[in-house]
Amino acid sequence: MTTEVPDHDDDPAERKMRFLFALRSRGVTDSRVLTAMERIDRGRFVKNIFSDRAYEDMPLPISCGQTISQPSVVGLMTQALAVQPRDVVLEVGTGSGYQAAILSLLARRVYTVDRHRRLVREAVDLFRDLGLNNITAVTRDGSFGLPEQAPFDRILVTAAAEDPPGPLLAQLKPGGVMVLPVGQSDAVQSLIKVTRTDQGFDYEELRPVRFVPLVEGIASE
Ligand code: SAH
């Protein structure tokens, strides 16, 4: 006799529970971050043949040869950023828009920049669809930040630079926090938390990560 095992893969509630469980088991414990990640459906940000893997804890390819980060890394970075409800946040590396969407539920306003026009355009459409109206997405070389909106309470960089870019350090408010991956793009990088103090900057190394590189200039599409 064969026993039919019910397949829960398509049950959204079950899927969400497994998604949140994976986040918790990898160290995402901040309840505000978990609530934001529960509310933003990652499936909306993955459009290609990989969309059925949107709820697994893995990075996935998006347009323009870029990647949407692994959910647990998004959670850990967001948690490390310690966003406050009145904060103005800059994200460098819009990509799919997923990270910006999560930040938008935690902050007062989010500016997000990407060097690919197409990614910015697609993200803007999604933000509108999802009713996330406190995000401004701009096509820009984010290594120079967004001087016209600076300074920022929080800065999150989701592409790896060899060192924290000077303009981004300069655009951080006193008491502000920046979280970013640093290191060579083809080697293991470190996630760093930079806090601006009255005296200068404090650096804390958080964990090894792997991100696409921060590339100079605006892309052709
Ligand atoms: N945060 C994204 C994932 C980012 S992938 C998400 O939630 O989906 C890294 C992104 O950084 C890519 O989209 C890439 O185009 C962008 N990027 C790389 N160098 C950049 C630069 N100098 N300025 C702005 N964006 C850059």
# chains A, B, ... in the order shown; residues from 1 in each chain; ligands from 1

$ residues_near_ligand --ligand "ligand 1" --cutoff "7 Å" --atoms "only C-alpha atoms and all ligand atoms" --output "PyMOL selection string"
chain A and resi 66-69+92-100+113-116+119+140-143+158-159+212-217

$ select_by_dssp --residues "stretch 27-163 of chain A" --states "helix (DSSP H, G or I)" --output "PyMOL selection string"
chain A and resi 31-39+42-45+51-53+63-65+71-81+98-104+117-129+142-144+147-149

$ closest_atom_pairs --of "stretch 143-163 of chain A" --to "stretch 194-209 of chain A" --cutoff "12 Å" --atoms "only C-alpha atoms" --output "CSV"
residue,atom,partner,partner_atom,distance
A:Pro151,CA,A:Arg196,CA,11.7
A:Phe152,CA,A:Arg196,CA,11.1
A:Asp153,CA,A:Arg196,CA,9.9
A:Arg154,CA,A:Thr195,CA,9.4
A:Ile155,CA,A:Val194,CA,9.5
A:Leu156,CA,A:Val194,CA,10.3
A:Val157,CA,A:Val194,CA,11.5
A:Thr158,CA,A:Val209,CA,10.6
A:Ala159,CA,A:Val209,CA,10.6
A:Ala160,CA,A:Val209,CA,9.4
A:Asp163,CA,A:Val194,CA,11.6

$ closest_atom_pairs --of "stretch 68-168 of chain A" --to "stretch 31-38 of chain A" --cutoff "9 Å" --atoms "only C-alpha atoms" --output "tab-separated table"
residue	atom	partner	partner_atom	distance
A:Pro71	CA	A:Met37	CA	8.6
A:Gly75	CA	A:Val33	CA	6.7
A:Leu76	CA	A:Val33	CA	8.9
A:Thr78	CA	A:Val33	CA	6.9
A:Gln79	CA	A:Val33	CA	6.4
A:Ala101	CA	A:Ala36	CA	8.7
A:Ile102	CA	A:Ala36	CA	5.7
A:Leu103	CA	A:Ala36	CA	8.0
A:Ser104	CA	A:Ala36	CA	8.9
A:Leu105	CA	A:Ala36	CA	6.1
A:Leu106	CA	A:Ala36	CA	7.4

$ write_last_selection --atoms "N, CA, C and O atoms" --output "mmCIF file, in the first residue's frame"
data_model
loop_
_atom_site.group_PDB
_atom_site.id
_atom_site.type_symbol
_atom_site.label_atom_id
_atom_site.label_comp_id
_atom_site.auth_asym_id
_atom_site.auth_seq_id
_atom_site.Cartn_x
_atom_site.Cartn_y
_atom_site.Cartn_z
ATOM 1 N N PRO A 71 18.138 35.522 1.263
ATOM 2 C CA PRO A 71 17.286 36.126 2.295
ATOM 3 C C PRO A 71 17.942 36.249 3.669
ATOM 4 O O PRO A 71 17.803 37.287 4.323
ATOM 5 N N GLY A 75 18.478 39.633 5.779
ATOM 6 C CA GLY A 75 18.011 39.771 7.163
ATOM 7 C C GLY A 75 19.123 40.191 8.104
ATOM 8 O O GLY A 75 18.951 41.097 8.918
ATOM 9 N N LEU A 76 20.282 39.546 7.970
ATOM 10 C CA LEU A 76 21.395 39.853 8.883
ATOM 11 C C LEU A 76 21.936 41.266 8.643
ATOM 12 O O LEU A 76 22.282 41.981 9.585
ATOM 13 N N THR A 78 20.174 43.812 7.409
ATOM 14 C CA THR A 78 19.147 44.752 7.862
ATOM 15 C C THR A 78 19.183 44.864 9.386
ATOM 16 O O THR A 78 19.091 45.959 9.955
ATOM 17 N N GLN A 79 19.357 43.723 10.031
ATOM 18 C CA GLN A 79 19.446 43.682 11.490
ATOM 19 C C GLN A 79 20.664 44.476 11.983
ATOM 20 O O GLN A 79 20.561 45.270 12.904
ATOM 21 N N ALA A 101 12.677 47.375 -0.438
ATOM 22 C CA ALA A 101 11.291 47.190 0.001
ATOM 23 C C ALA A 101 11.250 46.866 1.496
ATOM 24 O O ALA A 101 10.413 47.402 2.239
ATOM 25 N N ILE A 102 12.147 46.015 1.948
ATOM 26 C CA ILE A 102 12.187 45.672 3.377
ATOM 27 C C ILE A 102 12.568 46.894 4.204
ATOM 28 O O ILE A 102 11.932 47.202 5.215
ATOM 29 N N LEU A 103 13.579 47.629 3.736
ATOM 30 C CA LEU A 103 13.998 48.839 4.460
ATOM 31 C C LEU A 103 12.861 49.852 4.549
ATOM 32 O O LEU A 103 12.717 50.554 5.551
ATOM 33 N N SER A 104 12.032 49.900 3.499
ATOM 34 C CA SER A 104 10.971 50.916 3.457
ATOM 35 C C SER A 104 9.927 50.706 4.553
ATOM 36 O O SER A 104 9.231 51.644 4.939
ATOM 37 N N LEU A 105 9.810 49.469 5.059
ATOM 38 C CA LEU A 105 8.864 49.209 6.154
ATOM 39 C C LEU A 105 9.457 49.575 7.517
ATOM 40 O O LEU A 105 8.733 49.640 8.513
ATOM 41 N N LEU A 106 10.763 49.802 7.552
ATOM 42 C CA LEU A 106 11.434 50.058 8.826
ATOM 43 C C LEU A 106 11.855 51.508 8.995
ATOM 44 O O LEU A 106 12.099 51.958 10.110
#

$ select_by_dssp --residues "stretch 65-177 of chain A" --states "strand (DSSP E or B)" --output "ChimeraX atom specification"
/A:67-68,88-92,109-114,135-139,152-157,160-161,172-177

$ residues_around --residues "A:Leu168" --least-positions-apart "2" --cutoff "7 Å" --atoms "only C-alpha atoms" --output "NGL selection string"
:A and (143-145 or 165-166 or 170-172)

$ closest_residue --among "A:Lys47, A:Arg128, A:Lys193, A:Arg18" --to "A:Gly176" --atoms "only C-alpha atoms"
A:Lys193

$ atom_distance --atom1 "atom CA of A:Gly27" --atom2 "atom CA of A:Val74"
11.4 Å
